[in-house]
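Chemist: This is the content of entry-v2.cif (mmCIF, C-alpha atoms and all ligand atoms):
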```cif
data_run
#
loop_
_atom_site.label_atom_id
_atom_site.label_comp_id
_atom_site.auth_asym_id
_atom_site.auth_seq_id
_atom_site.Cartn_x
_atom_site.Cartn_y
_atom_site.Cartn_z
CA MET A 1 -3.63 -15.66 29.03
CA ARG A 2 -3.07 -11.97 29.64
CA LEU A 3 -1.39 -9.65 27.18
CA GLY A 4 -0.20 -6.14 28.02
CA ILE A 5 0.17 -3.53 25.29
CA LEU A 6 2.08 -0.26 25.60
CA GLY A 7 -0.15 2.18 23.73
CA GLY A 8 -3.89 2.19 23.23
CA GLY A 9 -4.29 3.62 19.73
CA GLN A 10 -5.91 1.97 16.72
CA LEU A 11 -3.18 -0.66 16.51
CA GLY A 12 -3.79 -1.58 20.15
CA ARG A 13 -7.51 -1.68 19.40
CA MET A 14 -7.09 -4.09 16.47
CA LEU A 15 -4.67 -6.24 18.48
CA ALA A 16 -7.17 -6.45 21.34
CA LEU A 17 -10.02 -7.27 18.94
CA ALA A 18 -7.91 -10.10 17.48
CA ALA A 19 -6.91 -11.40 20.92
CA ALA A 20 -10.48 -11.77 22.21
CA PRO A 21 -11.51 -14.86 20.18
CA LEU A 22 -8.31 -16.61 21.31
CA GLY A 23 -9.44 -16.18 24.92
CA VAL A 24 -6.62 -13.69 25.54
CA SER A 25 -7.51 -10.68 27.63
CA VAL A 26 -5.72 -7.40 26.97
CA ARG A 27 -4.61 -4.53 29.15
CA CYS A 28 -3.29 -1.35 27.54
CA LEU A 29 -1.20 1.41 29.05
CA ASP A 30 -1.63 4.83 27.50
CA GLU A 31 -1.00 8.39 28.61
CA LYS A 32 -4.25 9.59 27.07
CA LYS A 33 -7.70 9.06 28.55
CA GLU A 34 -9.64 8.57 25.34
CA SER A 35 -8.08 5.58 23.64
CA PRO A 36 -9.35 3.63 20.63
CA ALA A 37 -8.30 0.38 22.35
CA ALA A 38 -10.75 0.96 25.21
CA VAL A 39 -13.46 -0.85 23.22
CA ALA A 40 -11.72 -4.21 23.73
CA ALA A 41 -9.08 -3.74 26.43
CA GLN A 42 -8.81 -2.83 30.07
CA MET A 43 -7.16 0.60 30.11
CA HIS A 44 -4.49 1.90 32.46
CA VAL A 45 -4.01 5.64 32.08
CA ALA A 46 -0.57 6.74 33.29
CA SER A 47 2.76 8.06 32.14
CA TYR A 48 5.06 5.46 30.53
CA THR A 49 7.79 6.62 32.87
CA ASP A 50 5.79 6.26 36.11
CA SER A 51 7.46 3.24 37.73
CA THR A 52 4.62 2.60 40.21
CA ALA A 53 2.10 2.62 37.35
CA LEU A 54 4.32 0.23 35.37
CA THR A 55 4.39 -2.18 38.30
CA ARG A 56 0.60 -2.10 38.59
CA PHE A 57 0.23 -2.48 34.82
CA ALA A 58 2.50 -5.56 34.78
CA GLU A 59 0.67 -7.39 37.58
CA GLY A 60 -0.76 -10.70 36.35
CA LEU A 61 0.34 -10.23 32.73
CA ASP A 62 2.03 -13.08 30.82
CA VAL A 63 3.77 -10.90 28.25
CA VAL A 64 4.01 -7.29 27.15
CA THR A 65 4.14 -5.89 23.63
CA CYS A 66 3.79 -2.41 22.18
CA GLU A 67 1.95 -0.70 19.39
CA PHE A 68 4.45 2.12 18.78
CA GLU A 69 8.24 2.14 18.58
CA ASN A 70 8.98 5.27 20.60
CA VAL A 71 8.36 3.54 23.90
CA PRO A 72 10.64 5.19 26.49
CA ALA A 73 13.63 2.88 26.83
CA GLU A 74 13.37 2.90 30.64
CA ALA A 75 9.76 1.63 30.45
CA SER A 76 10.52 -1.39 28.27
CA ALA A 77 13.70 -2.12 30.26
CA ALA A 78 11.82 -1.94 33.60
CA LEU A 79 9.08 -4.25 32.30
CA ALA A 80 11.62 -6.66 30.79
CA GLU A 81 13.01 -7.27 34.29
CA ARG A 82 9.64 -8.71 35.34
CA LEU A 83 8.24 -10.48 32.32
CA PRO A 84 8.88 -11.16 28.63
CA VAL A 85 8.69 -8.03 26.46
CA TYR A 86 8.37 -8.53 22.68
CA PRO A 87 9.77 -6.96 20.61
CA SER A 88 12.79 -6.69 22.88
CA PRO A 89 14.03 -3.35 24.22
CA ARG A 90 17.02 -3.68 21.85
CA ALA A 91 14.79 -4.10 18.78
CA LEU A 92 12.80 -1.03 19.86
CA ALA A 93 15.97 0.98 20.41
CA VAL A 94 17.26 0.14 16.92
CA ALA A 95 13.99 0.82 15.13
CA SER A 96 13.17 4.07 16.92
CA ASP A 97 16.39 5.80 15.92
CA ARG A 98 16.99 6.25 12.21
CA LEU A 99 20.77 6.34 12.63
CA ALA A 100 20.87 3.17 14.70
CA GLU A 101 18.47 1.57 12.22
CA LYS A 102 20.54 2.48 9.15
CA GLY A 103 23.70 1.27 10.91
CA PHE A 104 22.01 -2.03 11.79
CA LEU A 105 20.74 -2.53 8.23
CA ARG A 106 24.22 -1.95 6.86
CA GLU A 107 25.65 -4.40 9.41
CA VAL A 108 23.28 -7.20 8.37
CA GLY A 109 23.91 -6.54 4.68
CA VAL A 110 20.57 -4.98 3.73
CA PRO A 111 20.65 -2.32 0.95
CA THR A 112 19.40 1.19 1.83
CA ALA A 113 19.74 4.68 0.35
CA THR A 114 23.29 6.04 0.67
CA PHE A 115 23.29 7.94 3.94
CA ALA A 116 25.38 9.98 6.38
CA ALA A 117 24.95 11.01 10.01
CA VAL A 118 24.39 14.75 10.46
CA CYS A 119 24.73 16.45 13.85
CA THR A 120 25.64 20.02 12.86
CA PRO A 121 24.66 22.44 10.04
CA GLU A 122 28.19 22.07 8.62
CA GLU A 123 27.79 18.30 8.43
CA ALA A 124 24.52 18.84 6.54
CA THR A 125 26.42 20.86 3.90
CA ASP A 126 29.13 18.18 3.73
CA ALA A 127 26.47 15.49 3.28
CA ALA A 128 24.81 17.44 0.45
CA GLN A 129 28.18 17.74 -1.29
CA GLU A 130 29.04 14.07 -0.80
CA LEU A 131 25.67 12.43 -1.43
CA GLY A 132 24.45 14.90 -4.06
CA ILE A 133 21.10 16.63 -4.27
CA PRO A 134 18.20 16.27 -3.91
CA LEU A 135 18.60 14.63 -0.54
CA VAL A 136 16.32 14.21 2.41
CA LEU A 137 17.23 15.07 6.00
CA LYS A 138 15.33 13.06 8.59
CA SER A 139 15.50 13.63 12.33
CA ALA A 140 16.98 10.54 13.95
CA ARG A 141 14.17 10.28 16.50
CA PHE A 142 10.40 10.75 16.64
CA GLY A 143 9.74 10.97 12.91
CA TYR A 144 6.64 9.29 11.51
CA ASP A 145 4.18 9.77 8.65
CA GLY A 146 6.68 12.02 6.85
CA LYS A 147 7.08 14.27 9.91
CA GLY A 148 10.55 15.36 11.00
CA GLN A 149 11.98 15.42 7.50
CA VAL A 150 12.88 18.03 4.95
CA TRP A 151 14.05 17.85 1.33
CA VAL A 152 17.16 19.73 0.30
CA ARG A 153 17.32 20.75 -3.35
CA GLU A 154 20.36 23.08 -3.28
CA VAL A 155 23.64 22.43 -1.46
CA HIS A 156 23.55 25.92 0.07
CA ASP A 157 20.12 25.18 1.66
CA ALA A 158 21.36 22.11 3.57
CA ALA A 159 22.63 23.89 6.70
CA ALA A 160 19.40 25.87 7.14
CA ALA A 161 17.34 22.72 6.51
CA PHE A 162 19.14 20.97 9.38
CA THR A 163 18.52 23.95 11.69
CA GLN A 164 14.86 23.96 10.61
CA LEU A 165 14.52 20.32 11.67
CA GLY A 166 15.40 21.43 15.19
CA CYS A 167 16.97 18.14 16.28
CA SER A 168 20.40 17.21 17.55
CA ALA A 169 20.94 14.26 15.21
CA ALA A 170 19.65 13.48 11.75
CA VAL A 171 20.29 11.14 8.88
CA ALA A 172 20.92 12.55 5.41
CA GLU A 173 19.76 10.20 2.65
CA ALA A 174 20.37 10.39 -1.07
CA ALA A 175 17.13 10.43 -3.04
CA VAL A 176 16.20 6.95 -4.24
CA PRO A 177 14.75 7.02 -7.78
CA PHE A 178 12.13 4.44 -6.91
CA ARG A 179 9.50 2.95 -9.20
CA ARG A 180 7.09 2.31 -6.36
CA GLU A 181 6.96 1.71 -2.62
CA LEU A 182 6.48 -1.81 -1.33
CA SER A 183 6.39 -3.27 2.14
CA ILE A 184 6.77 -6.75 3.50
CA LEU A 185 5.36 -7.91 6.82
CA ALA A 186 6.70 -10.97 8.55
CA VAL A 187 6.07 -12.69 11.87
CA ARG A 188 8.60 -14.52 14.01
CA GLY A 189 7.49 -16.76 16.85
CA ARG A 190 9.24 -17.31 20.16
CA ASP A 191 10.75 -20.53 18.78
CA GLY A 192 12.19 -18.72 15.75
CA THR A 193 9.55 -19.95 13.26
CA THR A 194 8.94 -17.28 10.64
CA VAL A 195 6.08 -16.63 8.21
CA ARG A 196 5.81 -13.82 5.67
CA TYR A 197 2.94 -11.99 4.03
CA PRO A 198 3.18 -11.20 0.31
CA LEU A 199 4.69 -7.84 -0.70
CA VAL A 200 2.17 -4.98 -0.62
CA GLU A 201 2.19 -1.86 -2.83
CA ASN A 202 1.74 1.43 -0.97
CA TYR A 203 0.77 4.96 -2.02
CA HIS A 204 1.56 7.90 0.23
CA GLU A 205 0.25 11.46 0.15
CA ALA A 206 2.02 14.14 2.17
CA GLY A 207 4.03 11.38 3.83
CA ILE A 208 0.92 9.53 5.05
CA LEU A 209 -0.11 6.12 3.75
CA ARG A 210 -3.31 6.51 1.67
CA ARG A 211 -3.78 3.05 0.25
CA SER A 212 -2.25 -0.40 -0.05
CA LEU A 213 -2.74 -3.10 -2.67
CA ALA A 214 -2.28 -6.66 -1.51
CA PRO A 215 -0.64 -8.65 -2.91
CA ALA A 216 1.34 -5.99 -4.83
CA PRO A 217 0.60 -6.55 -8.53
CA GLY A 218 3.37 -7.48 -10.95
CA VAL A 219 6.04 -8.42 -8.41
CA SER A 220 8.71 -10.67 -9.91
CA ALA A 221 9.75 -13.85 -8.13
CA ALA A 222 13.22 -12.30 -7.70
CA THR A 223 11.83 -9.21 -5.94
CA GLN A 224 9.66 -11.28 -3.59
CA ALA A 225 12.69 -13.49 -2.85
CA GLN A 226 14.88 -10.45 -2.11
CA ALA A 227 12.20 -9.05 0.22
CA GLU A 228 12.03 -12.34 2.08
CA GLN A 229 15.80 -12.52 2.41
CA VAL A 230 15.92 -8.92 3.68
CA VAL A 231 13.21 -9.46 6.29
CA GLN A 232 14.85 -12.70 7.44
CA ARG A 233 18.16 -10.89 8.03
CA VAL A 234 16.37 -8.18 9.99
CA LEU A 235 14.39 -10.67 12.12
CA GLU A 236 17.43 -12.77 12.93
CA GLY A 237 19.70 -9.76 13.46
CA LEU A 238 17.31 -8.41 16.09
CA ASP A 239 16.35 -11.84 17.49
CA TYR A 240 12.86 -10.49 16.92
CA VAL A 241 9.51 -11.84 18.14
CA GLY A 242 6.20 -10.59 16.70
CA VAL A 243 5.15 -8.80 13.51
CA ILE A 244 7.63 -6.51 11.79
CA ALA A 245 7.15 -4.34 8.72
CA VAL A 246 9.96 -3.48 6.33
CA GLU A 247 9.23 -0.56 4.01
CA CYS A 248 11.11 -0.73 0.72
CA PHE A 249 11.67 1.20 -2.47
CA GLU A 250 11.44 -0.86 -5.65
CA LEU A 251 14.02 0.28 -8.19
CA ALA A 252 13.67 0.21 -11.97
CA ASP A 253 15.40 -3.20 -12.19
CA GLY A 254 13.11 -4.75 -9.54
CA GLY A 255 15.81 -4.56 -6.84
CA LEU A 256 14.88 -3.29 -3.39
CA ALA A 257 16.36 -0.65 -1.06
CA VAL A 258 14.99 -0.58 2.47
CA ASN A 259 13.54 2.73 3.67
CA GLU A 260 12.68 1.85 7.25
CA ILE A 261 11.57 -0.88 9.59
CA ALA A 262 8.58 -0.71 11.94
CA PRO A 263 8.82 -3.08 14.93
CA ARG A 264 5.07 -3.62 15.26
CA VAL A 265 1.89 -4.32 13.40
CA HIS A 266 1.71 -1.86 10.51
CA ASN A 267 -0.80 0.17 8.55
CA SER A 268 0.22 -1.57 5.31
CA GLY A 269 -0.94 -4.86 6.87
CA HIS A 270 -4.50 -3.81 7.75
CA TRP A 271 -5.78 -5.54 4.61
CA SER A 272 -4.89 -8.86 6.24
CA ILE A 273 -7.87 -8.66 8.64
CA GLU A 274 -10.19 -9.77 5.86
CA GLY A 275 -7.71 -10.41 3.05
CA ALA A 276 -5.48 -13.11 4.57
CA GLU A 277 -6.00 -16.45 6.26
CA THR A 278 -4.64 -15.00 9.51
CA SER A 279 -4.47 -11.26 10.15
CA GLN A 280 -1.26 -9.50 11.18
CA PHE A 281 -2.96 -8.70 14.50
CA GLU A 282 -3.83 -12.30 15.32
CA ASN A 283 -0.39 -13.46 14.23
CA HIS A 284 1.29 -10.87 16.44
CA VAL A 285 -0.77 -12.03 19.44
CA ARG A 286 0.06 -15.66 18.63
CA ALA A 287 3.78 -14.88 18.23
CA VAL A 288 4.31 -12.98 21.47
CA LEU A 289 2.34 -15.55 23.47
CA GLY A 290 4.36 -18.44 22.02
CA LEU A 291 1.37 -19.91 20.14
CA PRO A 292 1.66 -21.51 16.67
CA LEU A 293 1.61 -18.94 13.85
CA GLY A 294 -1.22 -18.89 11.32
CA SER A 295 -1.10 -19.02 7.53
CA THR A 296 -0.34 -15.70 5.84
CA ALA A 297 -1.84 -16.79 2.50
CA PRO A 298 -3.99 -14.08 0.87
CA ARG A 299 -7.66 -14.74 0.27
CA GLY A 300 -8.01 -13.24 -3.21
CA VAL A 301 -6.92 -9.61 -3.65
CA SER A 302 -7.47 -6.58 -1.41
CA GLU A 303 -7.13 -2.83 -1.44
CA MET A 304 -7.01 -0.87 1.81
CA HIS A 305 -7.85 2.85 1.96
CA ASN A 306 -7.09 4.94 5.02
CA LEU A 307 -9.80 7.35 6.13
CA ILE A 308 -7.86 10.51 6.88
CA GLY A 309 -9.43 13.59 8.50
CA LYS A 310 -12.97 12.64 7.45
CA VAL A 311 -15.29 9.72 8.10
CA PRO A 312 -17.71 8.68 5.35
CA SER A 313 -21.25 7.49 6.03
CA ARG A 314 -21.39 3.83 6.99
CA GLU A 315 -24.09 3.19 4.39
CA ALA A 316 -21.95 4.52 1.55
CA VAL A 317 -19.20 2.00 2.32
CA LEU A 318 -21.35 -0.96 3.31
CA HIS A 319 -23.36 -0.86 0.06
CA ILE A 320 -20.30 -2.02 -1.82
CA PRO A 321 -19.79 -5.78 -2.03
CA GLY A 322 -16.54 -6.92 -0.42
CA ALA A 323 -16.03 -3.60 1.43
CA HIS A 324 -15.17 -3.74 5.15
CA LEU A 325 -15.32 -0.67 7.35
CA HIS A 326 -13.10 -0.09 10.40
CA LEU A 327 -13.62 3.06 12.45
CA TYR A 328 -11.27 3.84 15.32
CA ASP A 329 -13.48 6.06 17.55
CA LYS A 330 -11.16 9.03 17.12
CA THR A 331 -12.15 12.69 17.02
CA PRO A 332 -11.82 13.96 13.42
CA ARG A 333 -8.92 16.31 12.79
CA PRO A 334 -7.19 17.15 9.49
CA GLY A 335 -4.45 14.66 8.69
CA ARG A 336 -5.59 12.19 11.39
CA LYS A 337 -6.10 8.50 10.60
CA LEU A 338 -9.71 7.87 11.68
CA GLY A 339 -10.32 4.47 10.17
CA HIS A 340 -9.83 2.39 7.06
CA VAL A 341 -11.81 0.51 4.45
CA THR A 342 -10.61 -2.75 2.94
CA VAL A 343 -12.18 -3.90 -0.30
CA CYS A 344 -11.72 -7.59 -1.12
CA ALA A 345 -12.43 -9.58 -4.27
CA GLU A 346 -11.58 -12.90 -5.90
CA ASP A 347 -9.72 -11.25 -8.80
CA ALA A 348 -8.13 -7.96 -9.84
CA ALA A 349 -10.87 -6.96 -12.31
CA THR A 350 -13.65 -7.34 -9.71
CA LEU A 351 -11.52 -5.48 -7.16
CA ALA A 352 -10.98 -2.55 -9.57
CA GLU A 353 -14.74 -2.39 -10.22
CA ARG A 354 -15.52 -2.33 -6.48
CA VAL A 355 -12.89 0.29 -5.72
CA ALA A 356 -14.31 2.43 -8.55
CA GLN A 357 -17.72 2.15 -6.85
CA LEU A 358 -16.15 3.17 -3.55
CA ARG A 359 -14.52 6.18 -5.16
CA ALA A 360 -17.77 7.16 -6.90
CA ARG A 361 -19.66 7.05 -3.59
CA LEU A 362 -17.03 8.58 -1.34
CA GLY A 363 -15.03 10.85 -3.65
CA ASP A 364 -11.27 11.09 -4.18
CA GLU A 365 -10.84 13.23 -1.09
CA VAL A 366 -11.98 10.42 1.18
CA VAL A 367 -10.49 7.38 -0.51
CA GLY A 368 -7.27 8.84 -1.91
CA GLY A 369 -6.30 9.78 -5.47
CA ALA A 370 -6.75 7.31 -8.30
CA THR A 371 -3.32 7.93 -9.75
CA ARG A 372 -0.08 6.44 -8.61
CA MET A 373 1.91 8.80 -6.39
CA GLN A 374 5.03 10.18 -8.03
CA ALA A 375 8.42 9.78 -6.45
CA HIS A 376 9.93 12.91 -4.95
CA VAL A 377 12.69 12.82 -7.54
P1 LIG A 401 9.59 7.94 5.77
O1 LIG A 401 9.01 8.78 6.87
O2 LIG A 401 11.04 7.65 5.91
O3 LIG A 401 8.76 6.71 5.53
O4 LIG A 401 9.42 8.82 4.43
C1 LIG A 401 8.17 9.26 3.96
C2 LIG A 401 8.12 9.18 2.45
O5 LIG A 401 9.13 10.05 1.87
C3 LIG A 401 8.43 7.81 1.90
O6 LIG A 401 7.30 7.00 1.92
C4 LIG A 401 8.90 8.15 0.49
O7 LIG A 401 7.79 8.42 -0.34
C5 LIG A 401 9.67 9.43 0.70
N1 LIG A 401 11.11 9.17 0.92
C6 LIG A 401 11.71 8.96 2.12
N2 LIG A 401 13.03 8.75 1.97
C7 LIG A 401 13.30 8.83 0.64
C8 LIG A 401 14.48 8.69 -0.15
N3 LIG A 401 15.68 8.46 0.39
N4 LIG A 401 14.36 8.83 -1.51
C9 LIG A 401 13.15 9.06 -2.08
N5 LIG A 401 12.00 9.22 -1.38
C10 LIG A 401 12.06 9.09 -0.04
#
```
Translate the structure of the given file into structure tokens.

Modeler:
Amino acid sequence: MRLGILGGGQLGRMLALAAAPLGVSVRCLDEKKESPAAVAAQMHVASYTDSTALTRFAEGLDVVTCEFENVPAEASAALAERLPVYPSPRALAVASDRLAEKGFLREVGVPTATFAAVCTPEEATDAAQELGIPLVLKSARFGYDGKGQVWVREVHDAAAAFTQLGCSAAVAEAAVPFRRELSILAVRGRDGTTVRYPLVENYHEAGILRRSLAPAPGVSAATQAQAEQVVQRVLEGLDYVGVIAVECFELADGGLAVNEIAPRVHNSGHWSIEGAETSQFENHVRAVLGLPLGSTAPRGVSEMHNLIGKVPSREAVLHIPGAHLHLYDKTPRPGRKLGHVTVCAEDAATLAERVAQLRARLGDEVVGGATRMQAHV
């Protein structure tokens, strides 16, 4: 079986590493020469919009998937004429445009922050008056890791904030007074079978995910049930195949509001490599190839820390029982995700002890602050 992946970053790398034991060979298309996926995949270096390169890339493949949502629409559409592409071009189009995404979520009855479309500075002022402040303006396209967004704290700053974003369309969102950020990952097979991972608790710093706790502690049965209902509506509404992540805000009463959806394997699911019966990467490969899905049951408890901007010594991490190191072969740069560490344990107390050891060896700067991140509001 041959799987093609659009993108050759760390997600492509971990997908390719998961595909290998299943006897699935992987080919990645990326515009950059140095790609983390090169360790386990055959690389094609070309522009995503080069139709000759796309034809060569597609030759002999059984199915194509992607590891980022901003795939040029013409590339996924051109490939979809030749072979199955999962997630579908429509799912990618919805999830890569915040306005289309919010509209879709509303249509399928999923709660989100109150929002308005903003295409001019005047509309930004109107939105601030209608939705109240603080509010956040997010560019409709190409925003990730907190990029392409700006907080507005005074109505009279809204117009300038929109101009500062420098985009033609944005979504204005009322601030959600969340208790914490949770995400749910689910997998839908080609036959419609769906499995879900438990909710995960996420901490961000400067808009970038620092760490995830899996399963999220203290989640009520009602919250888990709401998350599962939400993700089911999204999967069915998009006729989705593969892994999807739904990022949510948990409110004071345990209710959820969806922040965004990611139509791909997701950073908040990296813990599943060692912490679940079947990792998100293996399950994505299984789903898009039409293979049976694997169990998503957690094996004990896990905490995943992103390595951002700096790589610790291998020894420092590997000394700690239950700690698993993943480096992505990327050149260090401030703010860049270079790898992650997942610490696993049978119970929460042992996990806390091991994470404390990790922090003592690596320092807060490398493993992320010990305190819970505060909401913006
Ligand atoms: P995003 O790029 O949409 O994931 O936003 C990055 C981070 O900004 C989120 O993880 C939240 O911490 C925060 N954030 C985004 N939208 C809102 C909102 N409407 N209300 C409160 N915080 C938000």

Chemist: Please tell me which residues are no farther than 6 Å from (5.0, -5.3, 34.7) in the file, counting all atoms listed in the file, and write them as a compact mmCIF listing (two decimals) with C-alpha atoms, keeping the file's coordinate frame.

Modeler:
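In the end it all went to out13.txt:
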```txt
# COMPACT_ATOMS: atom_id res chain seq x y z
CA LEU A 54 4.32 0.23 35.37
CA THR A 55 4.39 -2.18 38.30
CA PHE A 57 0.23 -2.48 34.82
CA ALA A 58 2.50 -5.56 34.78
CA GLU A 59 0.67 -7.39 37.58
CA LEU A 79 9.08 -4.25 32.30
CA ARG A 82 9.64 -8.71 35.34
```

Chemist: Can you list, as a PyMOL selection string, every protein, DNA or RNA residue that comes within 7 Å of region 284-289 of chain A when you count all atoms listed in the file, leaving out same-chain residues fewer than 6 positions away?

Modeler: chain A and resi 19+63+86+187-190+241-243

Chemist: Using all atoms listed in the file, find each protein or nucleic acid residue lying at most 10 Å from ligand LIG 401 (chain A); present the set as a PyMOL selection string.

Modeler: chain A and resi 98+112-115+134-139+143-151+172-178+180-182+202-209+247-249+257-262+373-377

Chemist: Find the residues around Leu213 (chain A) up to 9 Å (only C-alpha atoms counted), leave out those fewer than 6 positions away in its own chain, and share them as a VMD selection string.

Modeler: chain A and resid 200 to 203 268 271 301 to 304

Chemist: When you draw a straight line from CA of Ala46 (chain A) to CA of Glu31 (chain A), how long is it in Å?

Modeler: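 Rounded to one decimal, the two atoms are 5.0 Å apart.
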
Chemist: Kindly indicate which residue among A:Leu238, A:Ala78, A:Val64, A:Val110 lies nearest to Ser51 (chain A), using all atoms listed in the file for the distances.

Modeler: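 Ranked by minimum distance to Ser51 (chain A), first place goes to A:Ala78.
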
Chemist: Between CA of His266 (chain A) and CA of Arg13 (chain A), measure the distance and give it in Å to one decimal.

Modeler: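 Computing it gives 12.8 Å between the two atoms.
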
Chemist: Could you name the residues that touch Ala297 (chain A) at 8 Å or less, counting all atoms listed in the file, but leaving out those on the same chain fewer than 5 positions away, as a list of chain:residue names?

Modeler: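 Within the cut-off, the hits are A:Tyr197, A:Pro198, A:Ala276, A:Glu277, A:Thr278.
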
Chemist: One decimal, Å: what's the distance from CA of Ser279 (chain A) over to CA of Pro84 (chain A), could you say?

Modeler: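 Between CA of Ser279 (chain A) and CA of Pro84 (chain A) the gap works out to 22.8 Å.
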
Chemist: From the list A:Gly290, A:Gly339, A:Pro87, A:Gly300, which residue is nearest Asp239 (chain A) when using only C-alpha atoms?

Modeler: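 Looking at the shortest contact to Asp239 (chain A), the residue is A:Pro87.
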
Chemist: Return the single residue from A:Pro121, A:Tyr48, A:Arg211, A:Asp62 that is closest to Glu74 (chain A), with distances computed using all atoms listed in the file.

Modeler: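 Going through A:Pro121, A:Tyr48, A:Arg211, A:Asp62 one by one, the smallest distance to Glu74 (chain A) is for A:Tyr48.
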
Chemist: So that I can see what lies close to Gly23 (chain A), please list as a list in words the residues with an atom at most 10 Å from it, counting only C-alpha atoms and leaving out residues fewer than 4 positions away in the same chain.

Modeler: Met1, Arg2, Ala18 and Ala19 of chain A

Chemist: So, counting all atoms listed in the file, which residue among A:Ala95, A:Cys66, A:Ala160, A:Val355 is closest to Val246 (chain A)?

Modeler: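 Checking each of A:Ala95, A:Cys66, A:Ala160, A:Val355 against Val246 (chain A), counting all atoms listed in the file, the winner is A:Ala95.
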
Chemist: Calculated over only C-alpha atoms, which of the candidates A:Ala221, A:Asn267, A:Pro215, A:Gly4 has the smallest distance to Arg56 (chain A)?

Modeler: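 Between A:Ala221, A:Asn267, A:Pro215, A:Gly4, the residue approaching Arg56 (chain A) most closely is A:Gly4.
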
Chemist: Rank nothing, just name the residue among A:Ser313, A:Thr350, A:Thr65, A:Thr331 nearest to Leu3 (chain A), using only C-alpha atoms.

Modeler: A:Thr65

Chemist: If we count only C-alpha atoms and set the cut-off at 12 Å, which residues sit around region 10-12 of chain A, ignoring sequence neighbours fewer than 2 positions away in its own chain? Please answer as an MDAnalysis selection string.

Modeler: chainID A and resid 3:8 14:19 26:30 34:43 64:69 264:270 280:282 284:285 326:330 336:340
